Structure formats: structure tokens, C-alpha cells
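Here's the structure, in C-alpha cells; my notes come after.
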Amino acid sequence: MFARGTRLLAVAAVAACMVILGPSAPSGLFSAEAPPVGPARDVVPNRVMTWNMCNPCGESNADRASEIARFAPQVVGLQEACERDVARIRDHLENLYGLVYHVEYGAVLKKWSRCGGLPWNPGGYGQAILSAAPMTDQVKEEYPDGGSEDRGYMAVTTLVGDRPVRVFNTHLAERRQEAVRAEQTDVLAAAIARHERAIVLGDLNAVPDTPELTPIWALAEDTDPRCRPSDTGACTPTTDWRSKFDYIFLRGVAPLRHRVWTTPYSDHDVLHTDVDMA
């Protein structure tokens, strides 16, 4: 993990640049200035978000909730998520910000060192989806080979805007495990292909032009229309080590605006997008 002091210095430098350069942003991006966090706000229809929360990083669940509340997405996909932490985050979102979410968990392992709990009853660890609308038809799938740690995907059907859509949330094997990720994306792509309309959220631990992501690119496009395997230089980094590992892939759904938001509470940035469900 990168030191939090380094992370805060980077955030300060970015903020200083924004003051100098002003609020202009490329087409398709939100303005550089983020909305303030305040109480009792409604979710933003048609907005989805993905965030690897960084575990174990010892961050406050109240701080994590504040980052979600800042953008108030209708659907949130979380990775490296402990079930107990997500439950507390959900409570904070409702009690502090008036944002009410349903939750589904896609935990693939029980791990005391990650999620605490009693040694004989460790907390569940994996993915989670928060949605303002109820979720149905949940699938929780563990990949046949997780690599250095069990990994998997989860999927639910929920509303984005007022339209039903299949939402996937995944965390692929670690950076140097390309062959394992290739097997995982084959499994994930087969599940995505069953749906004409799908949103795929997650930390894929791979930059856009890596061969193992080819099955996903064949089915869906990144929310950033400029970010393609043929032009990775146009892709905004999403991690402390300035690589794009976090994605919102859209299938049968059109992107409107997206934002990568640098946060001091994780080694991954927050990525969210507004979409057109027409």
C-alpha cells in the first residue's frame, strides 16, 4: 500500500492545479469541482459507481460513506469489501446523508485477517452492490482459479434510471497473474453475453490493451469513449500507481458523463458515470 501522506500530497497538488487551470473539463467529463457532501440528498438517477475500497487499509467507514454520498449514485459496486464494513457504510449513508440503499453481497471467502470477527467466525470478503432500487436474481460466482486469493463476480438485476439492467461487479486476479485473469474473463464474458443490456463494474487489475481483457471489449465499451485498447494513452488512470485498472463497461447502454475522483481513502480512485438508458 502507498503511504497516506503521499496520497494526501497528491490530492493537494491536484487541487492546486485545478485552482490554476479553472473548472473546464474535456467533453464527457464532469467539471473538476466535486459537489459538497451534505445531508438528506436523493440519489442521482442513471448514475453508477465502482470503487475498490482498499483492504486492509484501516480507513473509517464514515469517510468511505462520505465519498459515496458526495456523488450519490443510484448503483454502487464495491470491491475488497467486508460485509460488516459495507453494513456500516450503508447505515452511515442513511443516517448521515439520507441515502437509502439495498445491499447484496458477493463474498467469496471468510478471512479474519481481512475482515475481523472471531477466529471461528471471520467476516465475509469480496464484492458488494448497493442499489437504491431492490435487486433480484442475484448470482454469486467464484472463479475456478482466483490466483493468489479467491476471486469471483456477482450479478444482480436492478433499476438504473427507471429501466431494468443486469449489473455485474468483479475483482480479477492480481496484476502479475495474466494467465489467471484470462481464464476469469472467459467466465465473466460468457455471463455478460447472455444479456443485451448490462453494466460491468470492477477492478480488473489490467490496463486496457492487455490480451486477457479482449473478451470483455468484444461485448462492451468503456464508459470513457476515448479509452480503447488501441489508445491507452487516452485512458485516465484510476490507481495510486497511475494505471487504469478500474472500469465501468457498458453493453446496450450509452455513456453521458464520467469522472475519476482522487480520494485519500483508498489506493484506487472513485470512478462514476451517468448513462442514458433510453
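Scheme for the C-alpha cells: letters A, B, ... for chains in order shown; per-chain residue numbers from 1; ligand numbers from 1 in order shown.
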Cys82 (chain A) environment, 12 Å, only C-alpha atoms, sequence neighbours closer than 5 positions dropped, as a ChimeraX atom specification: /A:52-58,61,87-89,104-117,122-129
Selection export as a compact mmCIF listing (two decimals), in the first residue's frame, atoms kept: N, CA, C and O atoms:
# COMPACT_ATOMS: atom_id res chain seq x y z
N ASN A 52 -12.82 0.26 -5.54
CA ASN A 52 -12.08 -0.67 -4.71
C ASN A 52 -11.69 0.08 -3.44
O ASN A 52 -10.88 1.02 -3.49
N MET A 53 -12.22 -0.35 -2.30
CA MET A 53 -12.09 0.43 -1.07
C MET A 53 -10.75 0.28 -0.38
O MET A 53 -10.47 0.98 0.58
N CYS A 54 -9.91 -0.68 -0.83
CA CYS A 54 -8.58 -0.89 -0.25
C CYS A 54 -8.72 -1.58 1.11
O CYS A 54 -9.13 -0.98 2.11
N ASN A 55 -8.37 -2.85 1.14
CA ASN A 55 -8.50 -3.62 2.37
C ASN A 55 -7.33 -4.60 2.49
O ASN A 55 -7.05 -5.32 1.53
N PRO A 56 -6.61 -4.65 3.63
CA PRO A 56 -6.88 -3.83 4.82
C PRO A 56 -6.10 -2.52 4.77
O PRO A 56 -4.89 -2.51 4.60
N CYS A 57 -6.81 -1.43 4.89
CA CYS A 57 -6.17 -0.11 4.91
C CYS A 57 -6.55 0.68 6.16
O CYS A 57 -6.04 1.78 6.36
N GLY A 58 -7.45 0.16 6.97
CA GLY A 58 -7.77 0.80 8.24
C GLY A 58 -8.50 2.12 8.11
O GLY A 58 -8.43 2.94 9.01
N ASN A 61 -15.15 3.85 8.04
CA ASN A 61 -16.34 3.61 7.21
C ASN A 61 -17.17 4.88 7.04
O ASN A 61 -17.86 5.04 6.04
N ALA A 87 -22.11 -2.99 5.70
CA ALA A 87 -23.31 -2.75 6.51
C ALA A 87 -23.21 -1.42 7.25
O ALA A 87 -24.19 -0.66 7.32
N ARG A 88 -22.03 -1.11 7.79
CA ARG A 88 -21.85 0.16 8.50
C ARG A 88 -21.90 1.33 7.53
O ARG A 88 -22.47 2.39 7.83
N ILE A 89 -21.27 1.18 6.36
CA ILE A 89 -21.31 2.23 5.34
C ILE A 89 -22.75 2.52 4.94
O ILE A 89 -23.17 3.67 4.82
N GLU A 104 -26.54 -6.18 -1.63
CA GLU A 104 -26.30 -7.60 -1.88
C GLU A 104 -24.80 -7.83 -1.79
O GLU A 104 -24.00 -7.00 -2.22
N TYR A 105 -24.42 -9.00 -1.22
CA TYR A 105 -23.02 -9.31 -1.01
C TYR A 105 -22.58 -10.43 -1.95
O TYR A 105 -23.33 -11.37 -2.21
N GLY A 106 -21.36 -10.30 -2.42
CA GLY A 106 -20.78 -11.34 -3.27
C GLY A 106 -19.51 -11.88 -2.65
O GLY A 106 -18.52 -12.12 -3.36
N ALA A 107 -19.49 -12.06 -1.33
CA ALA A 107 -18.28 -12.51 -0.65
C ALA A 107 -17.86 -13.88 -1.17
O ALA A 107 -18.69 -14.78 -1.35
N VAL A 108 -16.56 -14.03 -1.42
CA VAL A 108 -16.06 -15.30 -1.92
C VAL A 108 -15.18 -16.02 -0.90
O VAL A 108 -14.76 -17.15 -1.14
N LEU A 109 -14.87 -15.37 0.21
CA LEU A 109 -14.10 -16.06 1.23
C LEU A 109 -14.37 -15.43 2.59
O LEU A 109 -14.83 -14.30 2.69
N LYS A 110 -14.11 -16.20 3.63
CA LYS A 110 -14.18 -15.74 5.01
C LYS A 110 -12.75 -15.58 5.50
O LYS A 110 -11.98 -16.54 5.47
N LYS A 111 -12.39 -14.36 5.91
CA LYS A 111 -10.99 -14.13 6.24
C LYS A 111 -10.87 -13.21 7.44
O LYS A 111 -11.22 -12.03 7.36
N TRP A 112 -10.34 -13.76 8.55
CA TRP A 112 -10.21 -12.99 9.77
C TRP A 112 -9.22 -11.85 9.60
O TRP A 112 -9.46 -10.74 10.08
N SER A 113 -8.09 -12.07 8.90
CA SER A 113 -7.07 -11.03 8.75
C SER A 113 -7.57 -9.87 7.90
O SER A 113 -7.09 -8.75 8.02
N ARG A 114 -8.54 -10.12 7.03
CA ARG A 114 -9.11 -9.06 6.20
C ARG A 114 -10.26 -8.35 6.92
O ARG A 114 -10.35 -7.12 6.90
N CYS A 115 -11.15 -9.13 7.49
CA CYS A 115 -12.43 -8.58 7.91
C CYS A 115 -12.74 -8.74 9.39
O CYS A 115 -13.84 -8.41 9.83
N GLY A 116 -11.79 -9.24 10.15
CA GLY A 116 -12.03 -9.35 11.58
C GLY A 116 -13.06 -10.41 11.93
O GLY A 116 -13.29 -11.36 11.18
N GLY A 117 -13.67 -10.24 13.06
CA GLY A 117 -14.60 -11.24 13.57
C GLY A 117 -13.86 -12.24 14.45
O GLY A 117 -12.65 -12.18 14.64
N PRO A 122 -15.02 -15.65 10.92
CA PRO A 122 -14.44 -14.46 10.29
C PRO A 122 -15.43 -13.79 9.35
O PRO A 122 -16.40 -14.40 8.89
N GLY A 123 -15.16 -12.52 9.07
CA GLY A 123 -16.05 -11.76 8.21
C GLY A 123 -15.94 -12.15 6.75
O GLY A 123 -14.89 -12.58 6.27
N GLY A 124 -17.06 -12.00 6.01
CA GLY A 124 -17.08 -12.28 4.59
C GLY A 124 -16.39 -11.17 3.80
O GLY A 124 -16.53 -9.99 4.13
N TYR A 125 -15.67 -11.57 2.75
CA TYR A 125 -14.84 -10.64 1.99
C TYR A 125 -15.05 -10.88 0.50
O TYR A 125 -15.12 -12.03 0.05
N GLY A 126 -15.15 -9.80 -0.27
CA GLY A 126 -15.30 -9.93 -1.72
C GLY A 126 -15.88 -8.67 -2.33
O GLY A 126 -15.30 -7.60 -2.20
N GLN A 127 -17.04 -8.79 -2.96
CA GLN A 127 -17.71 -7.65 -3.58
C GLN A 127 -19.04 -7.37 -2.89
O GLN A 127 -19.57 -8.22 -2.17
N ALA A 128 -19.58 -6.19 -3.17
CA ALA A 128 -20.92 -5.83 -2.72
C ALA A 128 -21.51 -4.84 -3.72
O ALA A 128 -20.78 -4.08 -4.36
N ILE A 129 -22.82 -4.86 -3.84
CA ILE A 129 -23.55 -3.88 -4.66
C ILE A 129 -24.58 -3.20 -3.79
O ILE A 129 -25.36 -3.85 -3.10
Quick one: which region 195-243 of chain A residues come within 10 Å of region 252-274 of chain A, and what is the nearest atom pair for each with the distance in Å to one decimal, counting only C-alpha atoms, rows ordered by chain and ascending number, as CSV?
residue,atom,partner,partner_atom,distance
A:His195,CA,A:Gly252,CA,9.0
A:Glu196,CA,A:Gly252,CA,6.0
A:Arg197,CA,A:Gly252,CA,4.6
A:Ala198,CA,A:Gly252,CA,6.6
A:Ile199,CA,A:Val253,CA,7.6
A:Leu201,CA,A:Leu271,CA,9.5
A:Gly202,CA,A:Leu271,CA,9.8
A:Asp203,CA,A:His268,CA,8.9
A:Leu219,CA,A:Gly252,CA,9.4
A:Ala220,CA,A:Gly252,CA,7.9
A:Glu221,CA,A:Ala254,CA,9.2
A:Asp222,CA,A:Pro255,CA,8.6
A:Thr223,CA,A:Pro255,CA,5.5
A:Asp224,CA,A:His258,CA,6.9
A:Pro225,CA,A:Pro255,CA,7.9
A:Thr236,CA,A:Val260,CA,7.4
A:Pro237,CA,A:Val260,CA,8.1
A:Thr238,CA,A:Asp269,CA,5.0
A:Thr239,CA,A:His268,CA,4.4
A:Asp240,CA,A:Asp267,CA,5.2
A:Trp241,CA,A:Asp267,CA,8.3
A:Arg242,CA,A:His268,CA,9.4
A:Ser243,CA,A:His268,CA,9.7
From the DSSP assignment of the backbone, select every residue of region 27-187 of chain A that is helix (DSSP H, G or I), and format the answer as a ChimeraX atom specification. /A:61-71,83-97,112-115,178-187
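Between CA of Arg84 (chain A) and CA of Asn169 (chain A) lies a distance of 18.4 Å.
Using only C-alpha atoms, the smallest distance between any of A:Glu178, A:Glu94, A:Glu80, A:Asp145 and Ile68 (chain A) comes from A:Glu94.
CA of Val187 (chain A) lies 13.8 Å from CA of Ala218 (chain A).
When only C-alpha atoms are used to measure the gap to Asp246 (chain A), the shortest distance among A:Arg151, A:Arg228, A:Arg181, A:His171 belongs to A:His171.
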Strand (DSSP E or B) positions in region 38-263 of chain A, given as number ranges by chain: A: 44-52, 73-82, 102-110, 117-118, 121-122, 124-131, 136-142, 152-160, 163-171, 198-203, 221-222, 228, 231, 239, 246-251, 254-261
Quick one: of A:Gly147, A:Val165, A:Trp120, A:Val160, who's nearest to Pro73 (chain A), counting only C-alpha atoms? A:Val160
Gap from CA of Ala189 (chain A) to CA of Tyr143 (chain A) - Å, one decimal: 12.3 Å
